[in-house]
file model.csv (CSV, C-alpha atoms)
chain,number,residue,atom,x,y,z
B,1,MET,CA,-54.5,-43.6,126.4
B,2,THR,CA,-54.8,-46.7,124.4
B,3,GLN,CA,-52.9,-49.8,125.0
B,4,PRO,CA,-50.9,-51.6,122.3
B,5,PRO,CA,-52.7,-54.6,120.9
B,6,GLN,CA,-52.3,-57.8,122.9
B,7,PRO,CA,-51.5,-61.1,121.1
B,8,TYR,CA,-53.8,-64.0,121.5
B,9,PRO,CA,-53.5,-66.0,124.7
B,10,GLY,CA,-50.7,-68.6,124.3
B,11,MET,CA,-49.2,-66.9,121.2
B,12,GLU,CA,-45.8,-65.5,121.4
B,13,PRO,CA,-44.4,-62.9,119.0
B,14,GLN,CA,-42.3,-64.3,116.2
B,15,GLN,CA,-38.8,-63.2,115.7
B,16,TYR,CA,-37.6,-62.9,112.1
B,17,SER,CA,-34.0,-63.1,111.0
B,18,PRO,CA,-32.7,-61.0,108.1
B,19,LEU,CA,-30.6,-64.1,107.0
B,20,PRO,CA,-32.0,-66.7,104.6
B,21,PRO,CA,-32.6,-70.2,105.9
B,22,ALA,CA,-29.4,-71.5,104.4
B,23,TYR,CA,-27.3,-69.2,106.5
B,24,GLY,CA,-28.9,-69.9,109.9
B,25,GLY,CA,-32.0,-67.7,109.6
B,26,GLN,CA,-35.4,-69.0,110.6
B,27,PRO,CA,-36.9,-71.4,108.0
B,28,ALA,CA,-39.8,-70.1,106.1
B,29,HIS,CA,-43.1,-71.7,106.9
B,30,SER,CA,-45.6,-72.0,104.1
B,31,GLY,CA,-48.3,-73.8,106.1
B,32,GLN,CA,-48.1,-76.8,103.7
B,33,PHE,CA,-46.8,-80.4,104.1
B,34,PRO,CA,-43.0,-81.0,103.8
B,35,ALA,CA,-41.8,-81.4,100.2
B,36,GLN,CA,-42.0,-84.9,98.7
B,37,PRO,CA,-38.9,-86.4,97.2
B,38,PRO,CA,-38.5,-85.6,93.5
B,39,PRO,CA,-40.0,-88.2,91.2
B,40,THR,CA,-36.6,-88.6,89.4
B,41,ALA,CA,-34.9,-90.1,92.5
B,42,TYR,CA,-34.6,-93.8,91.5
B,43,PHE,CA,-32.7,-96.3,93.5
B,44,GLY,CA,-32.1,-98.8,90.8
B,45,ALA,CA,-34.3,-101.6,92.0
B,46,THR,CA,-35.8,-102.3,88.6
B,47,ALA,CA,-32.3,-102.3,87.0
B,48,ILE,CA,-31.0,-104.7,89.6
B,49,ALA,CA,-34.0,-107.0,89.2
B,50,ALA,CA,-33.6,-106.9,85.4
B,51,ALA,CA,-29.9,-107.8,85.7
B,52,THR,CA,-30.6,-110.6,88.1
B,53,LEU,CA,-33.3,-112.1,85.8
B,54,ALA,CA,-30.9,-111.7,82.9
B,55,SER,CA,-28.3,-113.6,84.8
B,56,VAL,CA,-30.7,-116.5,85.3
B,57,ILE,CA,-31.6,-116.4,81.6
B,58,GLY,CA,-27.9,-116.4,80.7
B,59,LEU,CA,-27.3,-119.4,83.0
B,60,VAL,CA,-30.2,-121.4,81.4
B,61,GLY,CA,-28.8,-120.4,77.9
B,62,THR,CA,-25.4,-121.7,78.8
B,63,ILE,CA,-26.9,-125.0,80.0
B,64,GLY,CA,-28.9,-125.2,76.8
B,65,PHE,CA,-25.7,-124.6,74.8
B,66,VAL,CA,-23.8,-127.3,76.6
B,67,VAL,CA,-26.7,-129.8,76.1
B,68,ALA,CA,-26.8,-129.0,72.4
B,69,VAL,CA,-23.0,-129.6,72.1
B,70,ILE,CA,-23.3,-132.9,74.0
B,71,ARG,CA,-26.1,-134.0,71.6
B,72,MET,CA,-24.0,-133.0,68.6
B,73,VAL,CA,-21.0,-134.9,69.8
B,74,GLY,CA,-23.0,-137.9,70.9
B,75,HIS,CA,-24.9,-138.3,67.6
B,76,PRO,CA,-22.8,-136.8,64.9
B,77,SER,CA,-24.4,-138.6,61.9
B,78,SER,CA,-28.0,-138.1,63.2
B,79,GLY,CA,-30.6,-136.0,61.5
B,80,ARG,CA,-30.7,-134.0,64.7
B,81,LEU,CA,-27.3,-132.5,64.0
B,82,LEU,CA,-28.7,-129.4,62.3
B,83,SER,CA,-31.4,-128.8,64.8
B,84,SER,CA,-29.0,-129.3,67.7
B,85,GLY,CA,-26.5,-126.9,66.0
B,86,ILE,CA,-29.2,-124.2,65.5
B,87,ALA,CA,-30.4,-124.6,69.1
B,88,GLY,CA,-26.8,-124.4,70.4
B,89,VAL,CA,-26.1,-121.2,68.4
B,90,VAL,CA,-29.3,-119.6,69.6
B,91,ASP,CA,-28.7,-120.6,73.2
B,92,LEU,CA,-25.1,-119.3,73.0
B,93,ALA,CA,-26.4,-116.0,71.6
B,94,ILE,CA,-29.0,-115.7,74.4
B,95,ALA,CA,-26.4,-116.5,77.0
B,96,ALA,CA,-23.8,-114.1,75.7
B,97,LEU,CA,-26.3,-111.2,75.3
B,98,THR,CA,-28.0,-111.6,78.7
B,99,VAL,CA,-24.8,-112.2,80.7
B,100,ALA,CA,-23.2,-109.2,79.0
B,101,GLY,CA,-26.4,-107.2,79.6
B,102,ALA,CA,-26.5,-108.2,83.3
B,103,ILE,CA,-22.9,-107.2,83.8
B,104,GLY,CA,-23.6,-103.9,82.0
B,105,LEU,CA,-26.7,-103.2,84.1
B,106,PHE,CA,-24.8,-103.9,87.3
B,107,ARG,CA,-22.1,-101.4,86.1
B,108,ARG,CA,-24.8,-98.8,85.2
B,109,SER,CA,-24.1,-99.0,81.5
B,110,PRO,CA,-26.8,-98.1,78.9
B,111,ALA,CA,-25.4,-100.8,76.6
B,112,GLY,CA,-26.2,-103.4,79.2
B,113,ARG,CA,-29.9,-102.4,78.9
B,114,ILE,CA,-29.8,-102.9,75.1
B,115,CYS,CA,-28.1,-106.3,75.5
B,116,VAL,CA,-30.7,-107.4,78.1
B,117,LEU,CA,-33.5,-106.3,75.7
B,118,ALA,CA,-32.0,-108.1,72.8
B,119,GLY,CA,-31.2,-111.3,74.8
B,120,GLY,CA,-34.6,-111.3,76.5
B,121,GLY,CA,-36.4,-110.8,73.1
B,122,LEU,CA,-34.4,-113.7,71.6
B,123,ALA,CA,-35.2,-115.9,74.6
B,124,VAL,CA,-38.9,-115.1,74.2
B,125,LEU,CA,-38.7,-116.0,70.5
B,126,ASP,CA,-36.8,-119.2,71.4
B,127,ILE,CA,-39.4,-120.3,73.9
B,128,VAL,CA,-42.3,-119.6,71.5
B,129,VAL,CA,-40.6,-121.6,68.7
B,130,PHE,CA,-40.0,-124.4,71.2
B,131,MET,CA,-43.7,-124.4,72.1
B,132,ILE,CA,-44.8,-124.4,68.4
B,133,VAL,CA,-42.3,-127.2,67.5
B,134,GLY,CA,-43.6,-129.2,70.5
B,135,LEU,CA,-47.2,-128.7,69.4
B,136,GLY,CA,-46.3,-129.7,65.8
B,137,SER,CA,-44.4,-132.8,66.9
B,138,SER,CA,-47.3,-133.8,69.0
B,139,PHE,CA,-49.6,-133.7,66.0
B,140,VAL,CA,-47.1,-135.6,63.8
B,141,ARG,CA,-46.5,-138.3,66.3
B,142,ARG,CA,-50.1,-138.4,67.4
B,143,SER,CA,-49.0,-138.5,71.0
B,144,ALA,CA,-50.6,-135.3,72.1
B,145,PRO,CA,-50.9,-135.8,75.8
B,146,PRO,CA,-47.3,-136.5,76.9
B,147,THR,CA,-45.7,-134.0,74.6
B,148,LEU,CA,-48.2,-131.2,75.3
B,149,GLN,CA,-48.0,-131.9,79.0
B,150,MET,CA,-44.2,-131.2,78.9
B,151,THR,CA,-44.1,-128.4,76.3
B,152,PHE,CA,-46.8,-125.9,77.2
B,153,PRO,CA,-46.6,-125.8,81.0
B,154,SER,CA,-42.8,-125.5,81.0
B,155,GLY,CA,-42.9,-123.1,78.1
B,156,PHE,CA,-45.4,-120.8,79.7
B,157,LEU,CA,-43.4,-121.0,83.0
B,158,TRP,CA,-40.1,-120.1,81.4
B,159,LEU,CA,-41.8,-117.4,79.3
B,160,ILE,CA,-42.4,-115.5,82.6
B,161,VAL,CA,-38.7,-114.9,83.3
B,162,PRO,CA,-37.6,-113.3,80.0
B,163,VAL,CA,-40.8,-111.2,79.7
B,164,ALA,CA,-40.3,-109.9,83.3
B,165,ALA,CA,-36.6,-109.1,82.4
B,166,LEU,CA,-37.8,-107.3,79.2
B,167,VAL,CA,-40.4,-105.3,81.2
B,168,LEU,CA,-38.0,-104.3,83.9
B,169,ALA,CA,-35.2,-103.4,81.5
B,170,ALA,CA,-37.5,-101.3,79.4
B,171,HIS,CA,-39.0,-99.5,82.4
B,172,ARG,CA,-38.5,-95.8,82.8
B,173,ALA,CA,-36.9,-96.2,86.2
B,174,THR,CA,-34.2,-98.4,84.7
B,175,GLY,CA,-33.3,-95.7,82.1
B,176,ALA,CA,-33.3,-93.0,84.7
B,177,TRP,CA,-31.0,-95.0,87.0
B,178,LEU,CA,-28.6,-95.7,84.1
B,179,LEU,CA,-28.1,-92.0,83.4
B,180,ARG,CA,-24.7,-90.9,84.6
B,181,LYS,CA,-24.7,-88.8,87.7
B,182,THR,CA,-22.8,-85.5,87.2
B,183,ARG,CA,-20.7,-84.4,90.1
B,184,PRO,CA,-20.9,-80.8,91.2
B,185,ALA,CA,-18.0,-78.6,90.4
B,186,PRO,CA,-15.5,-78.5,93.3
B,187,TYR,CA,-15.6,-75.4,95.5
B,188,HIS,CA,-12.4,-73.5,95.5
B,189,PRO,CA,-12.5,-70.5,97.8
B,190,GLY,CA,-10.7,-67.5,96.4
B,191,TRP,CA,-11.0,-68.3,92.7
call {"tool": "encode", "arguments": {"input": "model.csv", "output": "structure tokens"}}
result
Amino acid sequence: MTQPPQPYPGMEPQQYSPLPPAYGGQPAHSGQFPAQPPPTAYFGATAIAAATLASVIGLVGTIGFVVAVIRMVGHPSSGRLLSSGIAGVVDLAIAALTVAGAIGLFRRSPAGRICVLAGGGLAVLDIVVFMIVGLGSSFVRRSAPPTLQMTFPSGFLWLIVPVAALVLAAHRATGAWLLRKTRPAPYHPGW
């Protein structure tokens, strides 16, 4: 008579359950590593960072608007009235767009993303114009060193903030985080 086959030493026979894993059966083992989290699971870090940077841009825009109004009130007949007025309007638009965008991003609204992109783009344009006007005034006044020392380093440093806000607001992770989460249908037994 032949004996039934013996398992390898140390190996015990496996017991299988007819129930699937969700109902208490033994989980299937594929021999591979555990599944990685899906690539669409975003936690909103880019959106929160973009909103925070937009808040900083909005604060600086508000300060620029107040300074422009103080200049206009302090020198009403000056030739700087028009330039201070234009700078004040641009700073007010930057402040309004970026603050509204920051609030929108914090509330997970897609309109907040658009406001941050528009306000950040306007801030980049404002800084570039500031640097070009500073460069032009240094050639007109022939006082290149002091004006250029103030215009370009501060312009390039402030250019980092709106560019970073633009990049973070335009990032794919921000858009994915802003999508509304749909709730599953409630389970009603017996329906």
call {"tool": "atom_distance", "arguments": {"input": "model.csv", "atom1": "CA of Val128 in chain B", "atom2": "CA of Val161 in chain B"}}
result
13.2 Å
call {"tool": "closest_atom_pairs", "arguments": {"input": "model.csv", "of": "range 78-119 of chain B", "to": "range 41-50 of chain B", "cutoff": "12 Å", "atoms": "all atoms listed in the file", "output": "CSV"}}
result
residue,atom,partner,partner_atom,distance
B:Thr98,CA,B:Ala50,CA,9.9
B:Val99,CA,B:Ala50,CA,11.3
B:Gly101,CA,B:Ala50,CA,9.3
B:Ala102,CA,B:Ala50,CA,7.5
B:Ile103,CA,B:Ile48,CA,10.3
B:Gly104,CA,B:Ala47,CA,10.2
B:Leu105,CA,B:Ala47,CA,6.4
B:Phe106,CA,B:Ile48,CA,6.7
B:Arg107,CA,B:Ile48,CA,10.1
B:Arg108,CA,B:Ala47,CA,8.5
B:Ser109,CA,B:Ala47,CA,10.4
B:Pro110,CA,B:Ala47,CA,10.7
B:Gly112,CA,B:Ala47,CA,10.0
B:Arg113,CA,B:Ala47,CA,8.4
B:Ile114,CA,B:Ala50,CA,11.7
B:Cys115,CA,B:Ala50,CA,11.3
B:Val116,CA,B:Ala50,CA,7.9
B:Leu117,CA,B:Ala50,CA,9.7
B:Gly119,CA,B:Ala50,CA,11.7
call {"tool": "write_last_selection", "arguments": {"input": "model.csv", "atoms": "C-alpha atoms", "output": "PDB file, in the frame of the given file"}}
result
ATOM      1  CA  THR B  98     -28.000-111.600  78.700  1.00  0.00           C
ATOM      2  CA  VAL B  99     -24.800-112.200  80.700  1.00  0.00           C
ATOM      3  CA  GLY B 101     -26.400-107.200  79.600  1.00  0.00           C
ATOM      4  CA  ALA B 102     -26.500-108.200  83.300  1.00  0.00           C
ATOM      5  CA  ILE B 103     -22.900-107.200  83.800  1.00  0.00           C
ATOM      6  CA  GLY B 104     -23.600-103.900  82.000  1.00  0.00           C
ATOM      7  CA  LEU B 105     -26.700-103.200  84.100  1.00  0.00           C
ATOM      8  CA  PHE B 106     -24.800-103.900  87.300  1.00  0.00           C
ATOM      9  CA  ARG B 107     -22.100-101.400  86.100  1.00  0.00           C
ATOM     10  CA  ARG B 108     -24.800 -98.800  85.200  1.00  0.00           C
ATOM     11  CA  SER B 109     -24.100 -99.000  81.500  1.00  0.00           C
ATOM     12  CA  PRO B 110     -26.800 -98.100  78.900  1.00  0.00           C
ATOM     13  CA  GLY B 112     -26.200-103.400  79.200  1.00  0.00           C
ATOM     14  CA  ARG B 113     -29.900-102.400  78.900  1.00  0.00           C
ATOM     15  CA  ILE B 114     -29.800-102.900  75.100  1.00  0.00           C
ATOM     16  CA  CYS B 115     -28.100-106.300  75.500  1.00  0.00           C
ATOM     17  CA  VAL B 116     -30.700-107.400  78.100  1.00  0.00           C
ATOM     18  CA  LEU B 117     -33.500-106.300  75.700  1.00  0.00           C
ATOM     19  CA  GLY B 119     -31.200-111.300  74.800  1.00  0.00           C
TER      20      GLY B 119
END
call {"tool": "residues_around", "arguments": {"input": "model.csv", "residues": "Val89 in chain B", "least_positions_apart": "2", "cutoff": "10 Å", "atoms": "all atoms listed in the file", "output": "list in words"}}
result
Gly61, Gly64, Phe65, Ala68, Val69, Ser83, Ser84, Gly85, Ile86, Ala87, Asp91, Leu92, Ala93, Ile94 and Ala95 of chain B
call {"tool": "closest_residue", "arguments": {"input": "model.csv", "among": "B:Leu179, B:Ile70, B:Leu125, B:Pro153", "to": "Gly88 in chain B", "atoms": "all atoms listed in the file"}}
result
B:Ile70
call {"tool": "atom_distance", "arguments": {"input": "model.csv", "atom1": "CA of Ala173 in chain B", "atom2": "CA of Gly121 in chain B"}}
result
19.6 Å
call {"tool": "atom_distance", "arguments": {"input": "model.csv", "atom1": "CA of Ser154 in chain B", "atom2": "CA of Leu53 in chain B"}}
result
17.1 Å
call {"tool": "closest_residue", "arguments": {"input": "model.csv", "among": "B:Ala169, B:Val73, B:Leu159, B:Val66", "to": "Ala118 in chain B", "atoms": "only C-alpha atoms"}}
result
B:Ala169
call {"tool": "residues_around", "arguments": {"input": "model.csv", "residues": "Trp158 in chain B", "least_positions_apart": "3", "cutoff": "12 Å", "atoms": "only C-alpha atoms", "output": "NGL selection string"}}
result
:B and (53 or 56-57 or 60-61 or 120 or 123-128 or 130-131 or 151-155 or 161-165)
call {"tool": "build_atoms", "arguments": {"input": "model.csv", "residues": "range 92-111 of chain B", "atoms": "N, CA, C and O atoms", "output": "PDB file, in the frame of the given file"}}
result
ATOM      1  N   LEU B  92     -26.341-120.034  72.724  1.00  0.00           N
ATOM      2  CA  LEU B  92     -25.100-119.300  73.000  1.00  0.00           C
ATOM      3  C   LEU B  92     -25.313-117.798  72.819  1.00  0.00           C
ATOM      4  O   LEU B  92     -24.801-117.003  73.623  1.00  0.00           O
ATOM      5  N   ALA B  93     -26.085-117.392  71.810  1.00  0.00           N
ATOM      6  CA  ALA B  93     -26.400-116.000  71.600  1.00  0.00           C
ATOM      7  C   ALA B  93     -27.182-115.405  72.791  1.00  0.00           C
ATOM      8  O   ALA B  93     -26.907-114.299  73.287  1.00  0.00           O
ATOM      9  N   ILE B  94     -28.168-116.172  73.248  1.00  0.00           N
ATOM     10  CA  ILE B  94     -29.000-115.700  74.400  1.00  0.00           C
ATOM     11  C   ILE B  94     -28.082-115.600  75.634  1.00  0.00           C
ATOM     12  O   ILE B  94     -28.159-114.600  76.361  1.00  0.00           O
ATOM     13  N   ALA B  95     -27.239-116.592  75.863  1.00  0.00           N
ATOM     14  CA  ALA B  95     -26.400-116.500  77.000  1.00  0.00           C
ATOM     15  C   ALA B  95     -25.405-115.372  76.970  1.00  0.00           C
ATOM     16  O   ALA B  95     -25.216-114.649  77.958  1.00  0.00           O
ATOM     17  N   ALA B  96     -24.798-115.160  75.808  1.00  0.00           N
ATOM     18  CA  ALA B  96     -23.800-114.100  75.700  1.00  0.00           C
ATOM     19  C   ALA B  96     -24.484-112.710  75.868  1.00  0.00           C
ATOM     20  O   ALA B  96     -23.957-111.842  76.585  1.00  0.00           O
ATOM     21  N   LEU B  97     -25.636-112.514  75.226  1.00  0.00           N
ATOM     22  CA  LEU B  97     -26.300-111.200  75.300  1.00  0.00           C
ATOM     23  C   LEU B  97     -26.794-110.924  76.739  1.00  0.00           C
ATOM     24  O   LEU B  97     -26.620-109.813  77.263  1.00  0.00           O
ATOM     25  N   THR B  98     -27.415-111.904  77.362  1.00  0.00           N
ATOM     26  CA  THR B  98     -28.000-111.600  78.700  1.00  0.00           C
ATOM     27  C   THR B  98     -26.926-111.520  79.765  1.00  0.00           C
ATOM     28  O   THR B  98     -27.064-110.694  80.679  1.00  0.00           O
ATOM     29  N   VAL B  99     -25.855-112.308  79.677  1.00  0.00           N
ATOM     30  CA  VAL B  99     -24.800-112.200  80.700  1.00  0.00           C
ATOM     31  C   VAL B  99     -24.068-110.839  80.512  1.00  0.00           C
ATOM     32  O   VAL B  99     -23.796-110.133  81.489  1.00  0.00           O
ATOM     33  N   ALA B 100     -23.778-110.466  79.248  1.00  0.00           N
ATOM     34  CA  ALA B 100     -23.200-109.200  79.000  1.00  0.00           C
ATOM     35  C   ALA B 100     -24.091-108.033  79.453  1.00  0.00           C
ATOM     36  O   ALA B 100     -23.642-107.033  80.030  1.00  0.00           O
ATOM     37  N   GLY B 101     -25.385-108.191  79.212  1.00  0.00           N
ATOM     38  CA  GLY B 101     -26.400-107.200  79.600  1.00  0.00           C
ATOM     39  C   GLY B 101     -26.463-107.084  81.150  1.00  0.00           C
ATOM     40  O   GLY B 101     -26.589-105.988  81.703  1.00  0.00           O
ATOM     41  N   ALA B 102     -26.435-108.228  81.832  1.00  0.00           N
ATOM     42  CA  ALA B 102     -26.500-108.200  83.300  1.00  0.00           C
ATOM     43  C   ALA B 102     -25.286-107.511  83.876  1.00  0.00           C
ATOM     44  O   ALA B 102     -25.407-106.679  84.789  1.00  0.00           O
ATOM     45  N   ILE B 103     -24.113-107.816  83.339  1.00  0.00           N
ATOM     46  CA  ILE B 103     -22.900-107.200  83.800  1.00  0.00           C
ATOM     47  C   ILE B 103     -22.980-105.652  83.536  1.00  0.00           C
ATOM     48  O   ILE B 103     -22.628-104.822  84.375  1.00  0.00           O
ATOM     49  N   GLY B 104     -23.481-105.307  82.356  1.00  0.00           N
ATOM     50  CA  GLY B 104     -23.600-103.900  82.000  1.00  0.00           C
ATOM     51  C   GLY B 104     -24.607-103.167  82.915  1.00  0.00           C
ATOM     52  O   GLY B 104     -24.371-102.026  83.306  1.00  0.00           O
ATOM     53  N   LEU B 105     -25.713-103.815  83.249  1.00  0.00           N
ATOM     54  CA  LEU B 105     -26.700-103.200  84.100  1.00  0.00           C
ATOM     55  C   LEU B 105     -26.109-103.009  85.553  1.00  0.00           C
ATOM     56  O   LEU B 105     -26.353-101.993  86.206  1.00  0.00           O
ATOM     57  N   PHE B 106     -25.376-104.014  86.009  1.00  0.00           N
ATOM     58  CA  PHE B 106     -24.800-103.900  87.300  1.00  0.00           C
ATOM     59  C   PHE B 106     -23.733-102.748  87.347  1.00  0.00           C
ATOM     60  O   PHE B 106     -23.520-102.124  88.377  1.00  0.00           O
ATOM     61  N   ARG B 107     -23.115-102.468  86.201  1.00  0.00           N
ATOM     62  CA  ARG B 107     -22.100-101.400  86.100  1.00  0.00           C
ATOM     63  C   ARG B 107     -22.746-100.064  85.684  1.00  0.00           C
ATOM     64  O   ARG B 107     -22.030 -99.108  85.426  1.00  0.00           O
ATOM     65  N   ARG B 108     -24.070-100.026  85.550  1.00  0.00           N
ATOM     66  CA  ARG B 108     -24.800 -98.800  85.200  1.00  0.00           C
ATOM     67  C   ARG B 108     -24.490 -98.343  83.761  1.00  0.00           C
ATOM     68  O   ARG B 108     -24.388 -97.155  83.509  1.00  0.00           O
ATOM     69  N   SER B 109     -24.357 -99.285  82.845  1.00  0.00           N
ATOM     70  CA  SER B 109     -24.100 -99.000  81.500  1.00  0.00           C
ATOM     71  C   SER B 109     -25.325 -99.052  80.615  1.00  0.00           C
ATOM     72  O   SER B 109     -26.038-100.060  80.678  1.00  0.00           O
ATOM     73  N   PRO B 110     -25.637 -98.036  79.814  1.00  0.00           N
ATOM     74  CA  PRO B 110     -26.800 -98.100  78.900  1.00  0.00           C
ATOM     75  C   PRO B 110     -26.731 -99.228  77.910  1.00  0.00           C
ATOM     76  O   PRO B 110     -27.747 -99.746  77.468  1.00  0.00           O
ATOM     77  N   ALA B 111     -25.513 -99.635  77.527  1.00  0.00           N
ATOM     78  CA  ALA B 111     -25.400-100.800  76.600  1.00  0.00           C
ATOM     79  C   ALA B 111     -25.851-102.060  77.218  1.00  0.00           C
ATOM     80  O   ALA B 111     -26.337-102.951  76.510  1.00  0.00           O
TER      81      ALA B 111
END
